[in-house]
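Enquirer: I have a structure here, written as structure tokens, and I will follow up with some questions on it.
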Amino acid sequence: MTKMVTDVVCPFCGVLCDDLEVEISDDGKTVVEVYNACAVGAAKFLHTAAKDRVKRPRMQQEDGSYREVSYDDAIEYTAQMLARAKKPLMYGWSNTNCEAQSVGHEIAERVGGVVDNTATVCHGPSLIAIQDVGIPSCTLGEIKNRADVVIFWGCNPAHAHPRHMSRYSIFPRGFFTGKGHKGRKMIVVDPRNTDTMRLADVGLQIEQGRDYELLSAFRVAIRGEELPNMVAGIPKEKIYEAVEIMKNGRFGVIFFGMGVTQSLSKHHNIDIAIMVTKDMNEYTKFAIIAMRGHYNVTGSGQVMGWQFGYPFATDLSRGFARYNPGETTSNDLLRRREVDAILVVASDPGSHFPISSVKEMAKIPSVAVVPDINPTSAISKLHVPVAINAIEAGGNCYRMDNVPIDARKVVDPPEGMLSDYEFLTRVNKRLGELMGVA
Ligand code: SF4
């Protein structure tokens with residue numbers, strides 16, 4: 001016998017689809033089948049039943065082998081490591097819920113650490129740009145119902161956010177747009193001829209790293225002024241054609257991804273993309289939204305923002321919150337060997353950081369609080385497996401358009417396994433005892 005859980009939130013990418021149906025075993029312990037999810041989302045749910053899953057904390061030995069330890073021992077090791085460190089780095093947070101992020105920040109404040117999230121290697125430049133010039137934005141629900149011009153710039157939702165186009169941006173029947181794809185014009189800007197670009201009405205295959213130039217050209221064309229024959233590898237006629245479509249729309253949106261945030265000019269690209277959006281509002285309604293990757297990376301910025309005033313790279317080592325990307329960002333700290341311990345929660349810097357940072361991580365005391373074996377757990381002194389958030393533990397998360405969504409637990413975690421919220425809460429309590437403050 002099985003039972004069906006409906007309206008389940010998918011904790012894979014920032015689209016946070018909330019219409020999944022998950023068939024679970026009658027005892028509520030196993031995911032049997034997943035409906036409505038894309039392949040990557042479904043795989044995350046089905047992975048809960050993986051036979052090779054690590055179910056207890058493991059301490060790495062001198063020879064590289066592992067010794068199983070209890071959660072109590074893991075809590076003691078983590079608390080001692082953080083209490084002894086002069087300046088611990090607490091990195092990750094994008095694959096956990098807002099409640100766990102909040103406890104993590106409390107710990108960082110207590111131990112005088114630096115708390116940074118995965119935006120440091122993805123949409124950090126977007127957050128800097130938003131602080132520079134503001135952001136005219138909207139929700140994905142408004143896009144679904146109103147947007148008749150959709151621009152994807154430096155992102156490939158066909159692969160990275162597989163249901164984005166079918167749920168919100170291109171294919172759904174909108175209240176004001178009507179007939180799905182036919183009611184919308186699609187413009188794609190990317191150096192590659194991606195699967196998303198193949199669907200576009202206008203595809204602009206830009207030369208790598210020249211986004212700032214092309215965005216400047218859009219501003220010129222919007223004002224009706226003369227362009228040179230080619231800009232960033234795009235003939236001027238194509239640019240005028242794209243701008244004409246934008247001006248003729250009733251509601252347009254720019255979705256932008258890491259192709260713009262992590263290429264040359266970084267946050268200046270986003271500054272000017274926002275200015276294009278602002279310019280377009282002289283003619284019609286236009287908005288801009290970042291294509292956030294991990295399911296709750298947006299939430300991490302929100303929680304850090306309301307607790308410390310900054311969305312990532314917050315240094316609490318002087319007893320107050322400081323924020324200076326380029327100085328207080330994880331890779332800069334690791335490269336300068338300025339941190340003497342690292343706690344990774346709900347992310348995998350071992351895969352995403354440059355090798356020089358990963359080598360430094362391997363030298364200092366380290367704890368990885370992640371459900372699976374990954375390159376980060378492999379180089380950490382202690383690996384603490386935890387329940388998979390939004391599947392085996394509930395909690396709040398934020399969609400890429402900053403809409404908060406409550407994710408419910410669907411199945412029980414393996415017997416005796418803690419969630420990262422429970423683990424961090426107990427570490428925080430133990431730190432209070434070690435440091436003589438309640
Ligand atoms: S698009 Fe993203 S949130 Fe939706 S099912 Fe796929 S992975 Fe999950």
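Chain labels A, B, ... are given in the sequence in which chains occur in the structure tokens; within each chain residues are numbered consecutively from 1, and ligands are likewise numbered from 1 in the order shown.
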Can you work out which residues are within 10 Å of ligand 1, considering only C-alpha atoms and all ligand atoms, and then hand them over as a PyMOL selection string?

Expert: chain A and resi 9-20+34-45+157-167+293-295+399

Enquirer: Do you know which residues are at most 12 Å from Gly394 of chain A counting only C-alpha atoms, after dropping those on the same chain fewer than 4 positions away, and could you put them as a ChimeraX atom specification?

Expert: /A:8-11,96-100,387-390,405-413,419-422

Enquirer: Write a file of the selected residues as a PDB file, in the first residue's frame, keeping C-alpha atoms.

Expert:
ATOM      1  CA  VAL A   8       4.840  19.215  -2.402  1.00  0.00           C
ATOM      2  CA  VAL A   9       7.638  21.774  -2.874  1.00  0.00           C
ATOM      3  CA  CYS A  10      10.707  20.687  -4.855  1.00  0.00           C
ATOM      4  CA  PRO A  11      13.956  21.595  -3.057  1.00  0.00           C
ATOM      5  CA  THR A  96      18.818  24.408   3.840  1.00  0.00           C
ATOM      6  CA  ASN A  97      15.849  26.247   5.275  1.00  0.00           C
ATOM      7  CA  CYS A  98      15.665  29.747   6.771  1.00  0.00           C
ATOM      8  CA  GLU A  99      15.352  28.340  10.283  1.00  0.00           C
ATOM      9  CA  ALA A 100      18.738  26.537  10.054  1.00  0.00           C
ATOM     10  CA  ALA A 387      18.095  14.875   6.762  1.00  0.00           C
ATOM     11  CA  ILE A 388      17.376  16.230   3.271  1.00  0.00           C
ATOM     12  CA  ASN A 389      15.572  19.532   3.657  1.00  0.00           C
ATOM     13  CA  ALA A 390      12.055  19.943   2.267  1.00  0.00           C
ATOM     14  CA  ILE A 405       7.193  29.311   0.634  1.00  0.00           C
ATOM     15  CA  ASP A 406       6.757  26.836   3.451  1.00  0.00           C
ATOM     16  CA  ALA A 407       8.110  23.402   2.529  1.00  0.00           C
ATOM     17  CA  ARG A 408       6.650  20.447   4.394  1.00  0.00           C
ATOM     18  CA  LYS A 409       8.320  17.208   5.367  1.00  0.00           C
ATOM     19  CA  VAL A 410       7.264  14.358   3.034  1.00  0.00           C
ATOM     20  CA  VAL A 411       8.960  11.262   4.519  1.00  0.00           C
ATOM     21  CA  ASP A 412      10.855  10.474   7.705  1.00  0.00           C
ATOM     22  CA  PRO A 413      14.659  10.665   7.606  1.00  0.00           C
ATOM     23  CA  SER A 419      18.246  17.645  10.475  1.00  0.00           C
ATOM     24  CA  ASP A 420      20.854  20.404  10.055  1.00  0.00           C
ATOM     25  CA  TYR A 421      18.580  22.697  12.088  1.00  0.00           C
ATOM     26  CA  GLU A 422      18.627  20.216  14.996  1.00  0.00           C
TER      27      GLU A 422
END

Enquirer: I want to know what sits within 8 Å of Met4 of chain A, based on only C-alpha atoms, with residues of the same chain fewer than 6 positions away left out; could you give that as an mmCIF file with N, CA, C and O atoms, in the first residue's frame?

Expert:
data_model
loop_
_atom_site.group_PDB
_atom_site.id
_atom_site.type_symbol
_atom_site.label_atom_id
_atom_site.label_comp_id
_atom_site.auth_asym_id
_atom_site.auth_seq_id
_atom_site.Cartn_x
_atom_site.Cartn_y
_atom_site.Cartn_z
ATOM 1 N N GLU A 21 3.535 15.821 -6.779
ATOM 2 C CA GLU A 21 2.796 14.786 -6.065
ATOM 3 C C GLU A 21 3.780 13.662 -5.807
ATOM 4 O O GLU A 21 4.468 13.214 -6.731
ATOM 5 N N VAL A 22 3.865 13.263 -4.561
ATOM 6 C CA VAL A 22 4.869 12.258 -4.197
ATOM 7 C C VAL A 22 4.163 11.049 -3.580
ATOM 8 O O VAL A 22 3.405 11.188 -2.613
ATOM 9 N N GLU A 23 4.421 9.888 -4.189
ATOM 10 C CA GLU A 23 3.845 8.642 -3.678
ATOM 11 C C GLU A 23 4.822 8.072 -2.656
ATOM 12 O O GLU A 23 6.011 7.904 -2.960
ATOM 13 N N ILE A 24 4.341 7.840 -1.460
ATOM 14 C CA ILE A 24 5.234 7.329 -0.404
ATOM 15 C C ILE A 24 4.693 6.010 0.143
ATOM 16 O O ILE A 24 3.504 5.704 -0.005
#

Enquirer: Check the DSSP output for the backbone and give back, as a ChimeraX atom specification, the residues of segment 133-289 of chain A in strand (DSSP E or B).

Expert: /A:149-153,174,178,185-190,202-205,230-231,234-235,251-256,285-289

Enquirer: Give me the residues near segment 312-318 of chain A as a compact mmCIF listing (two decimals) with C-alpha atoms, in the first residue's frame, where near means some atom within 7 Å (using only C-alpha atoms) and where sequence neighbours in that chain fewer than 6 positions away do not count.

Expert:
# COMPACT_ATOMS: atom_id res chain seq x y z
CA LYS A 87 38.17 33.42 12.78
CA ALA A 108 28.65 32.97 13.78
CA GLU A 109 27.86 35.94 15.99
CA GLY A 112 33.08 35.84 15.77
CA GLY A 113 33.06 34.06 12.44
CA VAL A 114 32.51 35.00 8.83
CA VAL A 115 29.22 33.80 7.41
CA ASP A 116 29.03 33.55 3.64
CA ASN A 117 26.70 31.80 1.22
CA ALA A 119 26.05 33.79 -3.79
CA THR A 120 29.77 34.44 -3.31
CA GLY A 301 20.38 36.38 1.46
CA MET A 304 21.37 37.37 6.49
CA PRO A 325 33.06 41.67 -1.03
CA THR A 328 35.23 39.26 3.38
CA THR A 329 34.25 36.77 0.65

Enquirer: Between A:Val202, A:Ile75, A:Met291, A:Val339, single out the one closest to Pro57 of chain A, counting only C-alpha atoms.

Expert: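 Under the stated criterion, the closest residue is A:Ile75.
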
Enquirer: Nearest to Val111 of chain A among A:Cys138, A:Val253, A:Ala221, A:Leu82, with distances taken over only C-alpha atoms: which residue is it?

Expert: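 Once distances to Val111 of chain A are computed over only C-alpha atoms, the minimum belongs to A:Leu82.
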
Enquirer: Residues within 10 Å of Tyr310 of chain A, please, as a ChimeraX atom specification. Count only C-alpha atoms; anything in the same chain fewer than 3 positions from it doesn't count.

Expert: /A:127-128,131,301-307,313-315,321-324

Enquirer: Keeping only all heavy atoms, write the selected residues as a compact mmCIF listing (two decimals), in the first residue's frame.

Expert:
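Result written to selection36.txt:
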# COMPACT_ATOMS: atom_id res chain seq x y z
N LEU A 127 23.59 40.97 -6.17
CA LEU A 127 23.22 41.58 -4.89
C LEU A 127 23.94 42.93 -4.73
O LEU A 127 23.36 43.89 -4.22
CB LEU A 127 23.57 40.63 -3.73
CG LEU A 127 22.85 39.26 -3.83
CD1 LEU A 127 23.43 38.27 -2.84
CD2 LEU A 127 21.36 39.41 -3.60
N ILE A 128 25.20 42.99 -5.19
CA ILE A 128 25.94 44.26 -5.12
C ILE A 128 25.27 45.30 -6.02
O ILE A 128 25.07 46.45 -5.64
CB ILE A 128 27.41 44.04 -5.55
CG1 ILE A 128 28.12 43.11 -4.54
CG2 ILE A 128 28.16 45.37 -5.64
CD1 ILE A 128 29.49 42.63 -5.01
N GLN A 131 22.13 46.72 -4.58
CA GLN A 131 22.43 47.76 -3.59
C GLN A 131 22.84 49.07 -4.27
O GLN A 131 22.56 50.15 -3.77
CB GLN A 131 23.54 47.29 -2.65
CG GLN A 131 23.04 46.24 -1.68
CD GLN A 131 24.15 45.63 -0.86
OE1 GLN A 131 25.26 45.42 -1.33
NE2 GLN A 131 23.85 45.34 0.38
N GLY A 301 20.17 34.92 1.56
CA GLY A 301 20.38 36.38 1.46
C GLY A 301 19.35 37.14 2.26
O GLY A 301 19.66 38.15 2.91
N GLN A 302 18.11 36.64 2.24
CA GLN A 302 17.04 37.31 3.00
C GLN A 302 17.32 37.26 4.50
O GLN A 302 17.25 38.27 5.20
CB GLN A 302 15.70 36.60 2.73
CG GLN A 302 15.14 36.83 1.35
CD GLN A 302 14.38 38.15 1.26
OE1 GLN A 302 14.16 38.83 2.25
NE2 GLN A 302 14.01 38.52 0.05
N VAL A 303 17.66 36.05 4.99
CA VAL A 303 17.85 35.88 6.44
C VAL A 303 19.07 36.69 6.90
O VAL A 303 19.02 37.40 7.90
CB VAL A 303 18.00 34.39 6.80
CG1 VAL A 303 18.29 34.21 8.29
CG2 VAL A 303 16.74 33.64 6.43
N MET A 304 20.18 36.61 6.13
CA MET A 304 21.37 37.37 6.49
C MET A 304 21.06 38.87 6.43
O MET A 304 21.51 39.65 7.27
CB MET A 304 22.54 37.03 5.58
CG MET A 304 23.86 36.99 6.33
SD MET A 304 25.25 36.60 5.29
CE MET A 304 24.94 34.92 4.82
N GLY A 305 20.28 39.25 5.44
CA GLY A 305 19.91 40.66 5.29
C GLY A 305 19.12 41.18 6.48
O GLY A 305 19.41 42.25 7.01
N TRP A 306 18.13 40.40 6.93
CA TRP A 306 17.33 40.93 8.04
C TRP A 306 18.05 40.79 9.37
O TRP A 306 17.79 41.54 10.30
CB TRP A 306 15.90 40.38 8.04
CG TRP A 306 15.62 39.04 8.63
CD1 TRP A 306 15.88 38.62 9.91
CD2 TRP A 306 14.97 37.94 8.00
NE1 TRP A 306 15.44 37.33 10.09
CE2 TRP A 306 14.87 36.89 8.94
CE3 TRP A 306 14.44 37.73 6.72
CZ2 TRP A 306 14.29 35.66 8.63
CZ3 TRP A 306 13.86 36.51 6.43
CH2 TRP A 306 13.80 35.49 7.37
N GLN A 307 19.02 39.84 9.47
CA GLN A 307 19.74 39.72 10.75
C GLN A 307 20.95 40.65 10.84
O GLN A 307 21.26 41.17 11.90
CB GLN A 307 20.16 38.26 10.97
CG GLN A 307 18.94 37.37 11.25
CD GLN A 307 19.31 35.97 11.68
OE1 GLN A 307 20.26 35.40 11.16
NE2 GLN A 307 18.56 35.41 12.60
N ALA A 313 28.75 37.22 2.65
CA ALA A 313 30.10 37.68 3.04
C ALA A 313 30.09 38.62 4.24
O ALA A 313 30.67 39.70 4.20
CB ALA A 313 30.78 38.35 1.84
N THR A 314 29.42 38.21 5.32
CA THR A 314 29.33 39.06 6.51
C THR A 314 30.36 38.62 7.55
O THR A 314 30.34 37.49 8.01
CB THR A 314 27.90 38.99 7.10
OG1 THR A 314 26.98 39.39 6.08
CG2 THR A 314 27.75 39.92 8.29
N ASP A 315 31.24 39.54 7.89
CA ASP A 315 32.34 39.26 8.82
C ASP A 315 31.95 39.78 10.20
O ASP A 315 31.73 40.98 10.39
CB ASP A 315 33.60 39.98 8.30
CG ASP A 315 34.81 39.71 9.19
OD1 ASP A 315 34.64 39.17 10.30
OD2 ASP A 315 35.93 40.06 8.75
N ALA A 321 28.87 43.55 12.46
CA ALA A 321 28.80 43.03 11.09
C ALA A 321 29.54 43.95 10.12
O ALA A 321 29.28 45.16 10.07
CB ALA A 321 27.34 42.90 10.67
N ARG A 322 30.49 43.37 9.39
CA ARG A 322 31.19 44.10 8.32
C ARG A 322 30.97 43.36 7.02
O ARG A 322 30.87 42.13 7.00
CB ARG A 322 32.71 44.11 8.57
CG ARG A 322 33.19 45.11 9.56
CD ARG A 322 34.68 44.94 9.75
NE ARG A 322 35.45 45.32 8.59
CZ ARG A 322 36.25 44.49 7.91
NH1 ARG A 322 36.37 43.23 8.23
NH2 ARG A 322 36.93 44.93 6.87
N TYR A 323 30.98 44.10 5.91
CA TYR A 323 30.70 43.48 4.60
C TYR A 323 31.53 44.19 3.55
O TYR A 323 31.39 45.41 3.38
CB TYR A 323 29.20 43.64 4.33
CG TYR A 323 28.73 43.42 2.91
CD1 TYR A 323 28.58 42.13 2.39
CD2 TYR A 323 28.36 44.50 2.12
CE1 TYR A 323 28.09 41.95 1.10
CE2 TYR A 323 27.86 44.31 0.83
CZ TYR A 323 27.73 43.03 0.33
OH TYR A 323 27.23 42.84 -0.92
N ASN A 324 32.46 43.48 2.96
CA ASN A 324 33.28 44.09 1.93
C ASN A 324 33.67 43.02 0.90
O ASN A 324 34.77 42.46 0.97
CB ASN A 324 34.53 44.72 2.58
CG ASN A 324 35.31 45.56 1.58
OD1 ASN A 324 34.79 45.92 0.53
ND2 ASN A 324 36.54 45.86 1.90

Enquirer: When you look at Leu434 of chain A with a cut-off of 10 Å (counting only C-alpha atoms), what residues show up, excluding the ones that are within fewer than 2 positions of it in the same chain? I need them as a PyMOL selection string.

Expert: chain A and resi 76+79-80+83+428-432+436-438

Enquirer: Within 9 Å of segment 207-216 of chain A, which residues of segment 270-382 of chain A show up? Give each one with its shortest atom-to-atom distance in Å (one decimal) and the two atoms involved, counting only C-alpha atoms, rows by chain then rising residue number, as a tab-separated table.

Expert:
residue	atom	partner	partner_atom	distance
A:Ile270	CA	A:Tyr212	CA	8.6
A:Ile272	CA	A:Leu215	CA	6.5
A:Ala273	CA	A:Leu215	CA	6.3
A:Val276	CA	A:Leu215	CA	7.1

Enquirer: Can you pull out the residues contacting Asp348 of chain A? Cut-off 6 Å, using only C-alpha atoms, and skip same-chain residues under 2 positions away; I want them as a count of residues only.

Expert: 3

Enquirer: What gap, in Å, lies between atom CA of Lys182 of chain A and atom CA of Gly154 of chain A?

Expert: 23.2 Å

Enquirer: Apply DSSP to the backbone of this structure and, from segment 108-337 of chain A, keep only the residues in helix (DSSP H, G or I); write these as an MDAnalysis selection string.

Expert: chainID A and resid 108:111 118:121 124:133 140:146 157:160 164:169 180:183 197:199 211:222 236:248 258:261 267:280 297:308 330:335

Enquirer: Check the smallest atom-to-atom distance from each of A:Ala200, A:Arg56, A:Gly92, A:Asp27 to Ile373 of chain A using only C-alpha atoms, then report the winner.

Expert: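 Residue with the minimum atom-to-atom distance to Ile373 of chain A: A:Arg56.
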
Enquirer: Between A:Pro88, A:Arg426, A:Ala49, A:Ala242, which residue has the minimum interatomic distance to Arg337 of chain A, considering only C-alpha atoms?

Expert: A:Pro88

Enquirer: What is the distance between atom CA of Leu333 of chain A and atom CA of Gln60 of chain A, in Å to one decimal?

Expert: 24.4 Å

Enquirer: Counting only C-alpha atoms, which of A:Glu327, A:Lys144, A:Leu382, A:Asp190 gets nearest to Ile234 of chain A?

Expert: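 Among the listed residues, A:Asp190 lies closest to Ile234 of chain A.
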
Enquirer: So the first atom is atom CA of Val149 of chain A and the second is atom CA of Thr261 of chain A; what is the distance between them in Å, to one decimal place?

Expert: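 Distance between the two atoms: 21.8 Å.
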
Enquirer: Between A:Arg250, A:Lys266, A:Lys363, A:Lys3, which one has atoms that come closest to Gly124 of chain A, using only C-alpha atoms?

Expert: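 The closest residue to Gly124 of chain A is A:Lys266.
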